[in-house]
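To start, the structure itself, in structure tokens.
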Amino acid sequence: MQISKTILTVAFALFSGVSAMAQSTMTDQQVIDYGKQGMAAGKDVKTIGRELMAKGVTREQAERVKKLYESQQGENIQRSAADTKSRTHISTDAEEDDALVAETLGEEKAVSESTAIFGRNIFNNHALNFAPSENLATPLNYTLGPGDEVIIDIFGANQTTLRQTISPEGSINVDVLGPLYLNGMTIESANSYLKKRLSAIYAGLNKKGTSDIRLSLGQIRTIQVNILGEVANPGTYVLSSLSTVFHALYRAGGIVGTGTLRAIQVNRNNRIVAECDVYDFLVNGSRKGDIRLQEGDVILVKPYTAVVNLKGNVKRPMYFEMKEGETLKTLLNYAGGFAKGAYTSSITVIRQTGRQYEVCTVDEFQFANFQLKDGDEIEVGELLSRFENRVRIEGAVYKEGLYQLGNVTTVKGLVEKADGVLPEAFLNRAVMHRERPDRSLEIVSVDLKGILEGTAPDIALHNNDVLFVPSIYDLQDLGNVTINGEVIAPGTFAYADNMTIEDLVLMAGGLTNAASLARVDVVRRLKDADSKVAGDKLSEVFSFSMKSGFVIDGTEGFHLQPYDMVTVRRSPGYHEQQFVSVTGETNFTGSFPMVNKEMRLSQLVELAGGPTISAYLEGARLERQMTVRERELLKDVLRAMRANNEKDSINWTGIDVGNTYYVAIDLDKALANPGSKDDLVLRVGDILNVPVFDNTVRVNGAVMSANSVTYNPTKKAKYYIENAGGFNDRARKSRLFAIEMNGHIRKIKKGSSINPGSEIIVPTKAKKQTNLANILGVASTTASVATMLGTLYNIIK
């Protein structure tokens, strides 16, 4: 995490408007932690600023916070640098270091620079590190060198084991024989060499002897190789002598930028001994060129020769690196071939000529010869949405669908292929939709009855003909019927002849517990096809009673008609359980049932076992759920406040009205006079909170430092404001008000007393500054909030 010095400078310049007289109750580290926790909890900047200001954070403390945070960031940067330095390119061979080096040094760069080129991220995959296995038998072509431990087992008539490490000079020392030079030999050739030399002291090793020799490796040496060019972390690496080119590239963080995947060179003793093609491994699984490395090898990753962009209907659309001379056919092989729905007859290639672009249309027979160049964009299109030999039949036949033109050639043959017409088919007039040569459509009327009976000539089919055989029901408006109200699954259902209300109720899953059996209504639309003037009647309504799921009262033999709407009413005598709650200082707390619609505060307290001896009845408050209408009214008030925002010191924009509000009550009076006007009628969901006595008074708003002051019954509002540092420059002294514990809000007049647990609010005068210089030059509550949060946000973001 880095901090912009410019942002911090501007942010702390803004802090010059904050009063230096406020006293903070938080340490510097707590300020930083508080801001981080607030943002993590989803609080907005203004909210966090207002809370910090209320806790007394000042300009001086903010400057200390800045220095503390920068100090912490500096320590983190130094620790990160030290950690990186300890993991240099000449690293250990532990596999856990492989992943750590690749992740810390190479992964971020590799990801940011890979432009979706096929194979580019293969050496950034921690699950595919190409690490050599040391548990396998040593390959016979392994080349020995200084540092390798060789184990020489002699078995047969002579039995012994020699175990030595090849010296830096390339030899092992054998008693009697002296130094034996193994450097540069393969396991196979060294085995033959040692058998010949050791036969001088072990007679059983001669050509006709009874002993034999076997050379194997113990501890394997490490080698040092150089990796250069377009890799994430070029440099010198210490690897196992069994490592290959792919593992070395993984250790270097992978190939990035313009690096090639197709011609990775291995230089040994100033000559190229191998050239790796990663695509050969990705496409064919071949690791040809991924040779075992030796001491001093140089792996060179040069820039690529050509990269092309393959788009459209192929199985693997992306960028591909191409070698010189590779063709479009080769590219399709790398992409896995054509995808479903691809147009395979030709492919479009957009090519850069050096001056402008040109379009090349490559036909199928040219794929194997069309060579690709750097920057080519290849587009594989979709199949044409047309058919060469298709006809379709739809409607009142047994087997609707597509049929092959040629197998059927006439209308009669098509109907027979569809297993004939359904009994409800209307045969006097079928419809044929036919496509003209210019692809415009025409309608051909078909006397299907005459064709099937042989009294009318058959009609030859054309490509893309669509024959529609109508049903007699297609000529009628059957419509649907709808049921809503107190049924299990209200909805719309298909109409059927002789359908009754009982049938529809069963189709809707039956009645709910709240259903009224005394009132089921059916609303029917008016239909008069012969009418010439409009009447004043809009619909017909039928009402019924039900018992045990059957209609017992209403029009006898009543059947539903299309578009009827059935409503099962809710019973007026059905009521679900409804609750109100009590928290705080009553003998029982929790939810209590509402026994009637006019349940009052006193009844609720009685159900809760009465107040405890610690209860402060004068501070009791009622929290009420907001109705939809109340919420809309409050929004209207806020809209009016926003319209008057320029004349007010409060920014009403973005304020959330919430879902609850507090109702001012006098619980002590309600309990003293049950049923009186003070004994409020409760509403479902109400929460009564009965607190303990609070002997503090809070002061907020346009004061020098928001504070909580110990309650003194002999003191007035002035006393508490003075204990908050007094008014600031923008205090609106004539508009003081107090919010009391029980929810009452009252204006504070001169000499007014203050109740315990109250909060005194000092409003701010209207903001009149019009330019930045004036804003920075005046200390105000509004400026303090904005400045505080702006600075904190820039510090910890």
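Labeling convention for the structure tokens: chains A, B, ... as they appear, residues from 1 per chain, ligands from 1 in order of appearance.
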
Please identify the alpha helix (DSSP H) residues within segment 349-577 of chain A (assignment by DSSP from backbone atoms) and present them as a list in words.
Val411, Lys412, Gly413, Leu414, Val415, Glu416, Lys417, Leu448, Lys449, Gly450, Ile451, Leu452, Glu453, Ile501, Glu502, Asp503, Leu504, Val505, Leu506 and Met507 of chain A

Closest atom pairs, residues of segment 553-603 of chain A within 10 Å of segment 622-630 of chain A, only C-alpha atoms, as a tab-separated table:
residue	atom	partner	partner_atom	distance
A:Val580	CA	A:Arg624	CA	9.8
A:Ser581	CA	A:Glu623	CA	9.7
A:Val582	CA	A:Leu622	CA	9.3
A:Leu601	CA	A:Leu622	CA	9.5

Contacts of segment 483-495 of chain A within 7 Å, only C-alpha atoms, excl. fewer than 3 positions in-chain, as a PyMOL selection string:
chain A and resi 478-480+508-512+514-515+562+565-570

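Near Gln371 of chain A, within 6 Å and counting only C-alpha atoms, sit A:Gly325, A:Glu326, A:Thr327, not including residues fewer than 5 positions from it in the same chain.
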
Test item: residues at most 6 Å from segment 303-305 of chain A, only C-alpha atoms, excluding those fewer than 5 positions along its chain, as a list of chain:residue names
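Residues meeting the cut-off are A:Thr258, A:Gly259, A:Thr260.
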
Env of segment 534-547 of chain A: 9 Å cut, atoms = only C-alpha atoms, seq-sep filter 2 positions within chain, self excluded. Answer as a list in words.
Ser516, Leu517, Ala518, Arg519, Val520, Asp521, Val522, Val523, Arg524, Arg525, Leu526, Ser531, Lys532, Gly549, Phe550, Val551, Ile552, Asp553, Gly554 and Thr555 of chain A

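Compared by their closest atoms to Thr714 of chain A, and using only C-alpha atoms, the residues A:Ala640, A:Ile754, A:Phe727, A:Tyr662 rank with A:Ile754 nearest.
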